[in-house]
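Here is input-v9.txt, consisting of compact mmCIF, C-alpha atoms and all ligand atoms:
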```
# COMPACT_ATOMS: atom_id res chain seq x y z
CA MET A 1 -9.38 -9.89 1.47
CA MET A 2 -12.19 -8.38 3.49
CA PRO A 3 -13.86 -5.64 1.51
CA ASN A 4 -13.21 -2.27 3.06
CA ARG A 5 -16.49 -0.54 2.54
CA ASP A 6 -15.11 2.82 3.56
CA ALA A 7 -12.38 2.82 0.94
CA ALA A 8 -12.06 5.61 -1.59
CA ASP A 9 -14.83 4.89 -4.01
CA ALA A 10 -14.15 6.51 -7.34
CA GLY A 11 -16.59 9.36 -6.99
CA LEU A 12 -19.31 6.99 -5.84
CA ASP A 13 -19.42 8.72 -2.46
CA VAL A 14 -22.11 10.76 -4.22
CA ILE A 15 -24.54 8.16 -2.93
CA ASP A 16 -24.20 10.00 0.40
CA SER A 17 -24.88 13.44 -0.98
CA SER A 18 -26.79 13.24 -4.27
CA SER A 19 -30.52 13.19 -4.39
CA VAL A 20 -30.62 11.78 -7.92
CA ILE A 21 -28.24 9.34 -9.61
CA ILE A 22 -28.66 8.66 -13.32
CA CYS A 23 -26.97 5.53 -14.66
CA CYS A 24 -26.13 5.67 -18.37
CA GLY A 25 -24.39 3.27 -20.73
CA SER A 26 -25.07 0.89 -23.57
CA GLY A 27 -27.32 -2.15 -23.11
CA GLY A 28 -26.04 -5.34 -21.53
CA VAL A 29 -23.14 -3.80 -19.60
CA GLY A 30 -24.81 -4.20 -16.23
CA LYS A 31 -26.55 -0.84 -15.94
CA THR A 32 -29.66 -2.18 -14.23
CA THR A 33 -27.58 -4.23 -11.80
CA THR A 34 -25.41 -1.20 -11.04
CA ALA A 35 -28.44 0.98 -10.35
CA ALA A 36 -29.74 -1.62 -7.89
CA VAL A 37 -26.32 -1.96 -6.25
CA LEU A 38 -25.99 1.82 -5.79
CA GLY A 39 -29.46 1.88 -4.25
CA LEU A 40 -28.60 -0.99 -1.92
CA GLU A 41 -25.33 0.59 -0.80
CA ALA A 42 -27.08 3.91 -0.21
CA ALA A 43 -29.66 2.09 1.91
CA ARG A 44 -26.86 0.37 3.83
CA ARG A 45 -25.51 3.84 4.60
CA GLY A 46 -28.84 4.95 5.99
CA ARG A 47 -30.51 6.60 3.04
CA ARG A 48 -34.05 5.98 1.81
CA ALA A 49 -33.35 4.99 -1.75
CA VAL A 50 -35.67 4.10 -4.59
CA VAL A 51 -34.37 2.44 -7.76
CA VAL A 52 -36.27 2.92 -11.02
CA THR A 53 -35.50 0.39 -13.72
CA ILE A 54 -36.51 0.66 -17.34
CA ASP A 55 -36.52 -2.94 -18.52
CA PRO A 56 -38.58 -5.68 -16.84
CA ALA A 57 -35.26 -7.31 -15.73
CA ARG A 58 -36.73 -10.53 -14.42
CA ARG A 59 -33.48 -11.50 -12.77
CA LEU A 60 -33.30 -8.24 -10.90
CA ALA A 61 -36.83 -8.74 -9.60
CA ASP A 62 -35.73 -12.16 -8.37
CA ALA A 63 -32.57 -10.72 -6.84
CA LEU A 64 -34.67 -8.15 -5.00
CA GLY A 65 -36.97 -10.88 -3.72
CA LEU A 66 -39.99 -9.80 -5.79
CA PRO A 67 -41.48 -13.03 -7.17
CA ASP A 68 -44.27 -11.14 -8.93
CA GLY A 69 -41.81 -8.87 -10.69
CA LEU A 70 -41.25 -5.16 -10.33
CA ALA A 71 -44.39 -3.03 -10.08
CA SER A 72 -45.02 0.36 -11.64
CA THR A 73 -45.12 1.95 -8.19
CA PRO A 74 -42.33 1.76 -5.57
CA GLN A 75 -42.24 -1.42 -3.50
CA ARG A 76 -40.20 -1.75 -0.32
CA ILE A 77 -37.46 -4.37 -0.60
CA ASP A 78 -37.01 -6.63 2.38
CA VAL A 79 -33.34 -6.21 3.25
CA ASP A 80 -33.56 -7.85 6.67
CA HIS A 81 -31.91 -11.12 5.84
CA ILE A 82 -28.86 -10.10 3.87
CA SER A 83 -25.32 -10.52 5.16
CA GLY A 84 -24.91 -7.12 6.74
CA PRO A 85 -26.83 -4.39 8.52
CA VAL A 86 -28.84 -1.91 6.49
CA SER A 87 -29.87 1.19 8.40
CA GLY A 88 -31.82 2.85 5.59
CA GLU A 89 -34.49 1.67 3.20
CA LEU A 90 -34.57 0.35 -0.34
CA SER A 91 -37.50 0.45 -2.74
CA ALA A 92 -37.70 -0.46 -6.40
CA MET A 93 -40.07 0.05 -9.28
CA MET A 94 -40.25 -0.33 -13.02
CA LEU A 95 -40.95 2.52 -15.38
CA ASP A 96 -44.42 2.38 -16.91
CA THR A 97 -44.20 4.82 -19.81
CA ALA A 98 -47.88 4.84 -20.72
CA ALA A 99 -49.15 5.11 -17.12
CA THR A 100 -46.72 7.97 -16.42
CA PHE A 101 -47.91 9.81 -19.50
CA ASP A 102 -51.54 9.27 -18.43
CA GLY A 103 -50.63 10.68 -15.04
CA LEU A 104 -49.26 13.82 -16.67
CA VAL A 105 -52.43 14.24 -18.70
CA LYS A 106 -54.55 13.85 -15.57
CA ARG A 107 -52.44 16.37 -13.71
CA HIS A 108 -52.67 19.03 -16.36
CA ALA A 109 -56.21 18.54 -17.66
CA ASP A 110 -58.91 20.97 -16.65
CA ASN A 111 -61.57 18.37 -16.08
CA GLN A 112 -62.45 14.70 -16.26
CA ASP A 113 -64.01 15.11 -19.70
CA GLN A 114 -60.73 16.39 -21.13
CA VAL A 115 -58.85 13.53 -19.45
CA GLU A 116 -61.15 10.97 -21.04
CA ARG A 117 -61.10 12.52 -24.47
CA ILE A 118 -57.31 12.38 -24.46
CA LEU A 119 -56.81 8.98 -22.86
CA ASN A 120 -59.32 7.36 -25.20
CA ASN A 121 -57.84 8.96 -28.29
CA ALA A 122 -56.08 6.53 -30.63
CA PHE A 123 -53.51 9.12 -31.66
CA TYR A 124 -52.63 9.76 -28.02
CA ARG A 125 -52.34 6.05 -27.29
CA ASN A 126 -49.86 5.86 -30.15
CA ILE A 127 -47.70 8.80 -29.24
CA ALA A 128 -47.80 7.82 -25.56
CA GLY A 129 -45.60 4.90 -26.54
CA ALA A 130 -44.16 5.70 -29.93
CA LEU A 131 -43.14 9.32 -30.04
CA SER A 132 -39.38 9.36 -30.13
CA GLY A 133 -38.00 10.20 -26.71
CA THR A 134 -41.26 9.43 -24.89
CA GLN A 135 -39.69 6.68 -22.80
CA GLU A 136 -36.80 8.94 -21.87
CA TYR A 137 -39.18 11.76 -21.06
CA MET A 138 -41.34 9.55 -18.85
CA ALA A 139 -38.24 8.21 -17.09
CA ALA A 140 -37.27 11.82 -16.38
CA GLU A 141 -40.82 12.63 -15.32
CA THR A 142 -40.90 9.63 -12.97
CA LEU A 143 -37.61 10.71 -11.50
CA HIS A 144 -39.01 14.19 -10.91
CA GLU A 145 -42.03 12.75 -9.17
CA LEU A 146 -40.01 10.43 -6.93
CA HIS A 147 -37.64 13.28 -6.13
CA GLY A 148 -40.59 15.16 -4.67
CA ASP A 149 -41.83 12.10 -2.75
CA ASP A 150 -41.19 12.37 1.01
CA ARG A 151 -40.65 8.63 1.33
CA PHE A 152 -37.31 8.85 -0.53
CA ASP A 153 -34.19 10.95 -0.29
CA LEU A 154 -32.32 9.31 -3.16
CA VAL A 155 -33.63 8.29 -6.57
CA VAL A 156 -31.43 6.01 -8.69
CA VAL A 157 -32.51 5.81 -12.33
CA ASP A 158 -31.53 3.20 -14.84
CA THR A 159 -31.87 5.01 -18.20
CA PRO A 160 -33.38 3.50 -21.35
CA PRO A 161 -30.79 1.79 -23.57
CA SER A 162 -30.56 4.83 -25.78
CA ARG A 163 -27.54 5.43 -27.95
CA ASN A 164 -27.71 9.06 -27.11
CA ALA A 165 -27.29 10.39 -23.58
CA LEU A 166 -28.83 13.61 -24.78
CA ASP A 167 -32.10 11.81 -25.49
CA PHE A 168 -32.56 11.65 -21.77
CA LEU A 169 -31.39 15.19 -21.14
CA GLU A 170 -33.46 16.63 -23.92
CA ALA A 171 -36.49 14.35 -23.96
CA PRO A 172 -38.60 16.61 -21.76
CA GLY A 173 -38.29 19.26 -24.43
CA VAL A 174 -39.37 16.91 -27.20
CA LEU A 175 -43.05 16.94 -26.37
CA ALA A 176 -43.00 20.66 -25.79
CA ARG A 177 -41.48 21.08 -29.24
CA PHE A 178 -44.03 18.68 -30.65
CA LEU A 179 -46.78 20.84 -29.23
CA ASP A 180 -45.10 23.90 -30.68
CA HIS A 181 -45.20 22.21 -34.02
CA ARG A 182 -46.57 24.18 -36.90
CA LEU A 183 -49.11 21.48 -37.53
CA PHE A 184 -50.52 21.96 -34.07
CA ARG A 185 -50.72 25.69 -34.62
CA LEU A 186 -52.38 25.22 -37.99
CA LEU A 187 -54.91 22.76 -36.69
CA MET A 188 -55.76 24.98 -33.79
CA LEU A 189 -56.29 28.07 -35.90
CA PRO A 190 -59.96 28.84 -35.69
CA THR A 191 -61.65 29.32 -39.02
CA ARG A 192 -65.15 30.12 -40.08
CA GLY A 193 -65.91 26.48 -40.68
CA GLY A 194 -64.59 25.44 -37.26
CA LEU A 195 -61.46 23.44 -37.65
CA LYS A 196 -59.14 24.69 -40.36
CA VAL A 197 -59.07 22.56 -43.47
CA ILE A 198 -55.65 21.01 -43.83
CA GLY A 199 -54.02 22.65 -46.83
CA THR A 200 -51.23 21.50 -49.08
CA ALA A 201 -48.61 23.31 -46.98
CA THR A 202 -49.16 20.86 -44.16
CA GLN A 203 -48.81 17.72 -46.28
CA PRO A 204 -45.10 17.09 -45.58
CA LEU A 205 -45.76 17.55 -41.88
CA LEU A 206 -48.65 15.16 -42.00
CA LYS A 207 -46.47 12.63 -43.76
CA ALA A 208 -43.78 13.05 -41.12
CA ILE A 209 -46.22 12.48 -38.31
CA GLY A 210 -47.88 9.68 -40.25
CA LYS A 211 -44.53 7.92 -40.33
CA VAL A 212 -44.29 8.01 -36.57
CA VAL A 213 -47.81 7.06 -35.65
CA GLY A 214 -49.20 5.40 -38.76
CA SER A 215 -51.40 7.32 -41.15
CA GLU A 216 -54.54 5.50 -40.02
CA VAL A 217 -54.54 7.38 -36.76
CA LEU A 218 -53.81 10.69 -38.38
CA ALA A 219 -57.45 11.65 -38.32
CA ASP A 220 -57.46 11.10 -34.58
CA SER A 221 -54.64 13.60 -34.27
CA VAL A 222 -57.02 16.43 -35.01
CA ALA A 223 -59.27 15.35 -32.18
CA PHE A 224 -56.24 14.87 -29.96
CA PHE A 225 -54.89 18.35 -30.54
CA GLN A 226 -58.31 19.77 -29.87
CA ALA A 227 -58.59 17.83 -26.66
CA PHE A 228 -55.08 18.88 -25.68
CA ALA A 229 -55.85 22.58 -26.04
CA GLY A 230 -54.95 24.53 -22.94
CA MET A 231 -52.60 21.90 -21.54
CA GLU A 232 -49.43 22.86 -23.39
CA ALA A 233 -48.37 25.50 -20.90
CA GLY A 234 -48.60 23.10 -17.98
CA PHE A 235 -46.73 20.43 -19.87
CA ARG A 236 -44.01 22.83 -20.89
CA GLU A 237 -43.58 24.17 -17.37
CA ARG A 238 -43.29 20.65 -16.02
CA ALA A 239 -40.75 19.76 -18.72
CA ASP A 240 -38.67 22.78 -17.68
CA GLU A 241 -38.74 21.60 -14.05
CA VAL A 242 -37.63 18.12 -15.10
CA VAL A 243 -34.75 19.53 -17.15
CA ALA A 244 -33.71 21.75 -14.23
CA LEU A 245 -33.64 18.72 -11.90
CA ILE A 246 -31.56 16.68 -14.35
CA ARG A 247 -29.04 19.50 -14.51
CA ALA A 248 -29.08 20.33 -10.79
CA PRO A 249 -25.88 19.94 -8.73
CA GLU A 250 -27.64 17.34 -6.56
CA THR A 251 -27.97 15.10 -9.63
CA SER A 252 -25.08 12.76 -10.49
CA PHE A 253 -24.31 10.82 -13.64
CA VAL A 254 -22.72 7.38 -13.42
CA VAL A 255 -21.57 5.94 -16.73
CA VAL A 256 -21.41 2.14 -16.93
CA ALA A 257 -19.37 0.17 -19.47
CA SER A 258 -17.65 -3.17 -19.95
CA PRO A 259 -13.92 -3.46 -20.70
CA ARG A 260 -14.41 -3.63 -24.46
CA HIS A 261 -13.58 -1.10 -27.13
CA ASP A 262 -17.20 -0.74 -28.28
CA THR A 263 -18.86 -0.14 -24.91
CA ILE A 264 -15.98 2.02 -23.71
CA GLY A 265 -16.33 4.02 -26.94
CA GLU A 266 -20.02 4.54 -26.24
CA ALA A 267 -19.36 5.42 -22.60
CA VAL A 268 -16.74 7.97 -23.67
CA TRP A 269 -19.23 9.43 -26.09
CA PHE A 270 -21.88 9.65 -23.35
CA GLY A 271 -19.26 11.29 -21.15
CA GLU A 272 -18.32 13.82 -23.80
CA GLN A 273 -21.94 14.78 -24.27
CA LEU A 274 -22.45 15.14 -20.53
CA VAL A 275 -19.36 17.34 -20.29
CA GLU A 276 -20.57 19.37 -23.26
CA GLN A 277 -23.91 19.84 -21.52
CA GLY A 278 -22.09 21.11 -18.46
CA VAL A 279 -23.17 18.26 -16.18
CA GLY A 280 -20.10 15.99 -16.45
CA VAL A 281 -19.44 12.42 -15.39
CA THR A 282 -19.59 11.88 -11.65
CA SER A 283 -18.26 8.36 -11.80
CA ALA A 284 -17.49 5.65 -14.35
CA ILE A 285 -17.90 1.95 -13.64
CA VAL A 286 -16.33 -0.74 -15.79
CA ASN A 287 -18.22 -3.95 -15.12
CA ARG A 288 -17.03 -7.51 -15.70
CA ALA A 289 -13.38 -6.47 -15.56
CA HIS A 290 -10.47 -8.80 -14.83
CA PRO A 291 -9.15 -7.73 -11.45
CA ALA A 292 -5.53 -6.83 -10.81
CA PHE A 293 -3.76 -10.00 -9.73
CA GLY A 294 -1.46 -9.06 -6.87
CA GLU A 295 1.21 -6.39 -7.07
CA GLY A 296 3.47 -6.18 -10.10
CA SER A 297 3.24 -6.45 -13.86
CA ALA A 298 2.73 -9.31 -16.29
CA ALA A 299 6.37 -8.95 -17.33
CA GLU A 300 7.51 -9.39 -13.72
CA ALA A 301 5.37 -12.51 -13.38
CA LEU A 302 7.02 -13.93 -16.51
CA VAL A 303 10.46 -13.30 -15.01
CA SER A 304 9.38 -15.15 -11.86
CA ALA A 305 8.10 -18.01 -14.04
CA ASP A 306 11.48 -18.23 -15.79
CA GLU A 307 13.35 -18.14 -12.50
CA ALA A 308 11.20 -20.95 -11.09
CA ARG A 309 11.75 -23.01 -14.22
CA GLU A 310 15.51 -22.58 -13.89
CA ARG A 311 15.23 -23.95 -10.36
CA ALA A 312 13.26 -26.85 -11.89
CA ASP A 313 10.23 -25.83 -9.83
CA ASP A 314 7.70 -26.58 -12.55
CA VAL A 315 4.65 -26.19 -10.35
CA LEU A 316 5.63 -22.71 -9.22
CA SER A 317 6.68 -21.82 -12.76
CA ALA A 318 3.25 -22.82 -14.09
CA LEU A 319 1.56 -20.76 -11.39
CA TRP A 320 3.60 -17.68 -12.27
CA ALA A 321 2.83 -18.22 -15.95
CA ASN A 322 -0.83 -18.26 -15.02
CA VAL A 323 -0.47 -15.05 -13.04
CA ALA A 324 1.29 -13.49 -16.03
CA GLU A 325 -1.64 -14.41 -18.23
CA LEU A 326 -4.20 -12.88 -15.85
CA ARG A 327 -2.12 -9.73 -15.48
CA THR A 328 -1.77 -9.47 -19.26
CA MET A 329 -5.56 -9.49 -19.56
CA HIS A 330 -5.88 -6.88 -16.81
CA GLU A 331 -3.23 -4.68 -18.43
CA ALA A 332 -4.86 -4.96 -21.84
CA GLU A 333 -8.18 -3.98 -20.28
CA LEU A 334 -6.65 -0.97 -18.55
CA GLU A 335 -5.49 0.19 -21.96
CA VAL A 336 -8.97 -0.25 -23.43
CA ILE A 337 -10.45 1.58 -20.45
CA ALA A 338 -7.95 4.47 -20.54
CA PRO A 339 -10.09 6.87 -22.64
CA LEU A 340 -12.97 6.50 -20.17
CA ARG A 341 -10.66 7.11 -17.23
CA GLU A 342 -9.49 10.20 -19.07
CA ILE A 343 -12.95 11.69 -19.40
CA ALA A 344 -14.21 10.63 -15.97
CA GLY A 345 -11.04 11.68 -14.15
CA LYS A 346 -8.39 9.43 -12.68
CA ASP A 347 -10.05 8.92 -9.30
CA ARG A 348 -13.53 8.53 -10.67
CA LEU A 349 -13.32 5.16 -12.32
CA ALA A 350 -14.16 1.89 -10.57
CA LEU A 351 -13.60 -1.65 -11.80
CA LEU A 352 -16.17 -4.28 -11.02
CA PRO A 353 -15.17 -7.91 -11.46
CA LEU A 354 -17.22 -10.52 -13.25
CA LEU A 355 -18.70 -12.67 -10.49
CA ASP A 356 -18.30 -16.41 -10.92
CA ARG A 357 -22.00 -16.90 -10.31
CA ASP A 358 -25.16 -15.23 -11.38
CA ILE A 359 -26.72 -12.50 -9.28
CA HIS A 360 -29.95 -14.10 -8.17
CA ASP A 361 -30.50 -12.69 -4.70
CA LEU A 362 -29.80 -9.67 -2.52
CA ASP A 363 -26.56 -11.19 -1.30
CA GLY A 364 -25.36 -11.23 -4.93
CA LEU A 365 -26.05 -7.49 -5.15
CA TRP A 366 -24.45 -7.07 -1.73
CA THR A 367 -21.32 -8.85 -2.95
CA ILE A 368 -21.11 -6.53 -5.96
CA ALA A 369 -21.53 -3.54 -3.64
CA GLY A 370 -18.66 -4.89 -1.55
CA HIS A 371 -16.43 -4.95 -4.62
CA LEU A 372 -17.51 -1.55 -5.83
CA PHE A 373 -17.03 0.22 -2.54
CA ALA A 374 -13.76 -1.48 -1.69
CA GLN A 375 -12.11 -0.15 -4.81
CA ASN A 376 -8.50 0.76 -4.67
CA ASN A 377 -8.01 2.87 -7.74
CA ASP A 378 -4.24 3.23 -7.74
CA HIS A 379 -3.76 1.28 -10.94
N1 LIG B 401 -20.23 -8.28 -12.48
C1 LIG B 401 -21.13 -9.22 -12.81
N2 LIG B 401 -20.90 -10.51 -12.54
C2 LIG B 401 -21.80 -11.47 -12.86
N3 LIG B 401 -22.97 -11.24 -13.47
C3 LIG B 401 -23.29 -9.95 -13.76
C4 LIG B 401 -22.38 -8.87 -13.45
N4 LIG B 401 -22.97 -7.72 -13.87
C5 LIG B 401 -24.16 -8.06 -14.42
N5 LIG B 401 -24.36 -9.39 -14.36
C6 LIG B 401 -25.52 -10.13 -14.87
O1 LIG B 401 -25.62 -9.84 -16.26
C7 LIG B 401 -26.98 -9.72 -16.66
C8 LIG B 401 -27.21 -8.37 -17.35
O2 LIG B 401 -27.06 -7.34 -16.43
P1 LIG B 401 -28.02 -6.05 -16.44
O3 LIG B 401 -27.68 -5.24 -15.23
O4 LIG B 401 -29.44 -6.45 -16.59
O5 LIG B 401 -27.50 -5.32 -17.76
P2 LIG B 401 -28.08 -4.04 -18.52
O6 LIG B 401 -29.10 -3.40 -17.64
O7 LIG B 401 -26.90 -3.15 -18.77
O8 LIG B 401 -28.65 -4.55 -19.79
C9 LIG B 401 -27.81 -9.90 -15.40
O9 LIG B 401 -28.28 -11.22 -15.38
C10 LIG B 401 -26.84 -9.66 -14.26
O10 LIG B 401 -27.19 -10.41 -13.13
MG MG B 402 -30.98 -2.90 -18.10
```
Final structure tokens representation of the file:
Amino acid sequence: MMPNRDAADAGLDVIDSSSVIICCGSGGVGKTTTAAVLGLEAARRGRRAVVVTIDPARRLADALGLPDGLASTPQRIDVDHISGPVSGELSAMMLDTAATFDGLVKRHADNQDQVERILNNAFYRNIAGALSGTQEYMAAETLHELHGDDRFDLVVVDTPPSRNALDFLEAPGVLARFLDHRLFRLLMLPTRGGLKVIGTATQPLLKAIGKVVGSEVLADSVAFFQAFAGMEAGFRERADEVVALIRAPETSFVVVASPRHDTIGEAVWFGEQLVEQGVGVTSAIVNRAHPAFGEGSAAEALVSADEARERADDVLSALWANVAELRTMHEAELEVIAPLREIAGKDRLALLPLLDRDIHDLDGLWTIAGHLFAQNNDH
């Protein structure tokens, strides 16, 4: 069957209208691949898409024709020699959490001296990578930056493999809250002797922070907070902008899962949180699914197998038995998938088959796009 690329596409037509697409789901389900495929399809349709991936995804870099791997700034992907015409543009990059954080510091600092004091601070270098939610925050920050970049009109983000969709939604607030922390306030309170002596009241807080960053850098935290003085407002404002963009109507959420109880369970949970947050699931994709095998049910195929056997047509009977087996798997998967279909909405779920070969070039991604955008969802 020739893929019909204009077929109803399970809510994925948002690639024409959205300016941000956020792919969520548990690790290993094909989230990074899906993000790349959505970017490629958007480019085929004439958009200027940039895909941001979180993991180094060597195979994706290969598939995109980037032998040196993905860079931390957008690189144009050469889409000239794939099987079909692409009227738009595709770029890809990998999230660099630390560099993004440094960029934020540079943007909000008053002067070069403040930048250097912060960037060279051991406490900062620890929280830049270790503070819970930092990766999510920097992914959101990167998305905000690319959204404002004239070179692109669609940003597709592959989220960190977090168990909690809210980590991504709420991460921008985490640092702001951190800066609101009582410890920060206490440390910044001017006293006669300069910096306030840390009293017993702050001990539990110090222990808590020590757990995150290691107590050996705790002393550096004082210097960090001093260096950070005056930047909180800028940071907080920026975090508010990022949150607003994530929740904007032009931002879509695509939940990716595989046809297994555990990943569907996680996807449903992501979906519930998104609904609770008032953003909702734009589209759900179940990757590595067994496709429907012709019209009809497994039971019908078994009847045909019996009929063929009665006519002593063993070859045909064996074929029908095979069809019955494939349909049984498909039907079982549909049952597993049902809760996700429920939360996404009937017409917003797409099945993506497991390809019989690895995706090692753009044509592999193109093939996946062909499957995804030729979906007939009348299961
Ligand atoms: N439908 C599919 N058919 C064949 N291989 C796939 C399919 N989806 C993903 N893969 C392969 O599985 C591996 C993991 O996919 P990836 O997108 O990196 O997962 P995730 O980002 O969710 O961890 C990759 O090597 C990718 O090429
Ligand atoms: Mg991935």
Please, what distance in Å, to one decimal, runs between CA of Gly103 (chain A) and CA of Arg58 (chain A)?
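Between CA of Gly103 (chain A) and CA of Arg58 (chain A) the gap works out to 25.4 Å.
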What are the nearest atom pairs, with distances in Å to one decimal, for all residues of chain A that come at most 10 Å from ligand LIG 401 (chain B), using all atoms listed in the file, set out by chain and rising residue number as CSV?
```
residue,atom,partner,partner_atom,distance
A:Cys23,CA,B:LIG401,O7,9.6
A:Cys24,CA,B:LIG401,O7,8.9
A:Gly25,CA,B:LIG401,O7,7.2
A:Ser26,CA,B:LIG401,O7,6.5
A:Gly27,CA,B:LIG401,O8,4.3
A:Gly28,CA,B:LIG401,O8,3.2
A:Val29,CA,B:LIG401,O7,3.9
A:Gly30,CA,B:LIG401,O3,3.2
A:Lys31,CA,B:LIG401,O7,3.7
A:Thr32,CA,B:LIG401,O6,3.7
A:Thr33,CA,B:LIG401,O3,3.6
A:Thr34,CA,B:LIG401,O3,6.2
A:Ala35,CA,B:LIG401,O3,7.9
A:Ala36,CA,B:LIG401,O3,8.4
A:Val37,CA,B:LIG401,O3,9.7
A:Thr53,CA,B:LIG401,O6,8.4
A:Ile54,CA,B:LIG401,O6,8.5
A:Asp55,CA,B:LIG401,O6,7.5
A:Pro56,CA,B:LIG401,O4,9.2
A:Ala57,CA,B:LIG401,O4,5.9
A:Arg58,CA,B:LIG401,O9,8.5
A:Arg59,CA,B:LIG401,O9,5.8
A:Leu60,CA,B:LIG401,O10,6.9
A:Asp62,CA,B:LIG401,O10,9.9
A:Ala63,CA,B:LIG401,O10,8.3
A:Asp158,CA,B:LIG401,O6,7.6
A:Thr159,CA,B:LIG401,O6,8.9
A:Pro160,CA,B:LIG401,O6,8.9
A:Pro161,CA,B:LIG401,O8,7.7
A:Val256,CA,B:LIG401,O7,7.8
A:Ala257,CA,B:LIG401,O7,8.3
A:Ser258,CA,B:LIG401,N4,9.3
A:Val286,CA,B:LIG401,N1,9.1
A:Asn287,CA,B:LIG401,N1,5.5
A:Arg288,CA,B:LIG401,N1,4.6
A:Ala289,CA,B:LIG401,N1,7.7
A:Leu351,CA,B:LIG401,N1,9.4
A:Leu352,CA,B:LIG401,N1,5.9
A:Pro353,CA,B:LIG401,N1,5.2
A:Leu354,CA,B:LIG401,N2,3.7
A:Leu355,CA,B:LIG401,N2,3.7
A:Asp356,CA,B:LIG401,C2,6.4
A:Arg357,CA,B:LIG401,C2,6.0
A:Asp358,CA,B:LIG401,N3,5.0
A:Ile359,CA,B:LIG401,O10,4.4
A:His360,CA,B:LIG401,O10,6.8
A:Asp361,CA,B:LIG401,O10,9.3
A:Gly364,CA,B:LIG401,O10,8.4
A:Leu365,CA,B:LIG401,O10,8.6
A:Thr367,CA,B:LIG401,N1,9.6
A:Ile368,CA,B:LIG401,N1,6.8
A:His371,CA,B:LIG401,N1,9.3
A:Leu372,CA,B:LIG401,N1,9.8
```
Output for the residues just chosen: C-alpha atoms as an mmCIF file, in the coordinates of the input:
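Final output, saved to out.cif:
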```cif
data_model
loop_
_atom_site.group_PDB
_atom_site.id
_atom_site.type_symbol
_atom_site.label_atom_id
_atom_site.label_comp_id
_atom_site.auth_asym_id
_atom_site.auth_seq_id
_atom_site.Cartn_x
_atom_site.Cartn_y
_atom_site.Cartn_z
ATOM 1 C CA CYS A 23 -26.970 5.530 -14.660
ATOM 2 C CA CYS A 24 -26.130 5.670 -18.370
ATOM 3 C CA GLY A 25 -24.390 3.270 -20.730
ATOM 4 C CA SER A 26 -25.070 0.890 -23.570
ATOM 5 C CA GLY A 27 -27.320 -2.150 -23.110
ATOM 6 C CA GLY A 28 -26.040 -5.340 -21.530
ATOM 7 C CA VAL A 29 -23.140 -3.800 -19.600
ATOM 8 C CA GLY A 30 -24.810 -4.200 -16.230
ATOM 9 C CA LYS A 31 -26.550 -0.840 -15.940
ATOM 10 C CA THR A 32 -29.660 -2.180 -14.230
ATOM 11 C CA THR A 33 -27.580 -4.230 -11.800
ATOM 12 C CA THR A 34 -25.410 -1.200 -11.040
ATOM 13 C CA ALA A 35 -28.440 0.980 -10.350
ATOM 14 C CA ALA A 36 -29.740 -1.620 -7.890
ATOM 15 C CA VAL A 37 -26.320 -1.960 -6.250
ATOM 16 C CA THR A 53 -35.500 0.390 -13.720
ATOM 17 C CA ILE A 54 -36.510 0.660 -17.340
ATOM 18 C CA ASP A 55 -36.520 -2.940 -18.520
ATOM 19 C CA PRO A 56 -38.580 -5.680 -16.840
ATOM 20 C CA ALA A 57 -35.260 -7.310 -15.730
ATOM 21 C CA ARG A 58 -36.730 -10.530 -14.420
ATOM 22 C CA ARG A 59 -33.480 -11.500 -12.770
ATOM 23 C CA LEU A 60 -33.300 -8.240 -10.900
ATOM 24 C CA ASP A 62 -35.730 -12.160 -8.370
ATOM 25 C CA ALA A 63 -32.570 -10.720 -6.840
ATOM 26 C CA ASP A 158 -31.530 3.200 -14.840
ATOM 27 C CA THR A 159 -31.870 5.010 -18.200
ATOM 28 C CA PRO A 160 -33.380 3.500 -21.350
ATOM 29 C CA PRO A 161 -30.790 1.790 -23.570
ATOM 30 C CA VAL A 256 -21.410 2.140 -16.930
ATOM 31 C CA ALA A 257 -19.370 0.170 -19.470
ATOM 32 C CA SER A 258 -17.650 -3.170 -19.950
ATOM 33 C CA VAL A 286 -16.330 -0.740 -15.790
ATOM 34 C CA ASN A 287 -18.220 -3.950 -15.120
ATOM 35 C CA ARG A 288 -17.030 -7.510 -15.700
ATOM 36 C CA ALA A 289 -13.380 -6.470 -15.560
ATOM 37 C CA LEU A 351 -13.600 -1.650 -11.800
ATOM 38 C CA LEU A 352 -16.170 -4.280 -11.020
ATOM 39 C CA PRO A 353 -15.170 -7.910 -11.460
ATOM 40 C CA LEU A 354 -17.220 -10.520 -13.250
ATOM 41 C CA LEU A 355 -18.700 -12.670 -10.490
ATOM 42 C CA ASP A 356 -18.300 -16.410 -10.920
ATOM 43 C CA ARG A 357 -22.000 -16.900 -10.310
ATOM 44 C CA ASP A 358 -25.160 -15.230 -11.380
ATOM 45 C CA ILE A 359 -26.720 -12.500 -9.280
ATOM 46 C CA HIS A 360 -29.950 -14.100 -8.170
ATOM 47 C CA ASP A 361 -30.500 -12.690 -4.700
ATOM 48 C CA GLY A 364 -25.360 -11.230 -4.930
ATOM 49 C CA LEU A 365 -26.050 -7.490 -5.150
ATOM 50 C CA THR A 367 -21.320 -8.850 -2.950
ATOM 51 C CA ILE A 368 -21.110 -6.530 -5.960
ATOM 52 C CA HIS A 371 -16.430 -4.950 -4.620
ATOM 53 C CA LEU A 372 -17.510 -1.550 -5.830
#
```
Identify the residues within 8 Å of coordinate (-25.0, 6.7, 7.5) (same frame as the file), considering all atoms listed in the file, and give the answer as a PyMOL selection string.
chain A and resi 16+44-47+87
Selected residue, from A:Ile77, A:Leu143, A:Leu90, A:Val336, that lies nearest to Glu41 (chain A) when counting all atoms listed in the file
A:Leu90
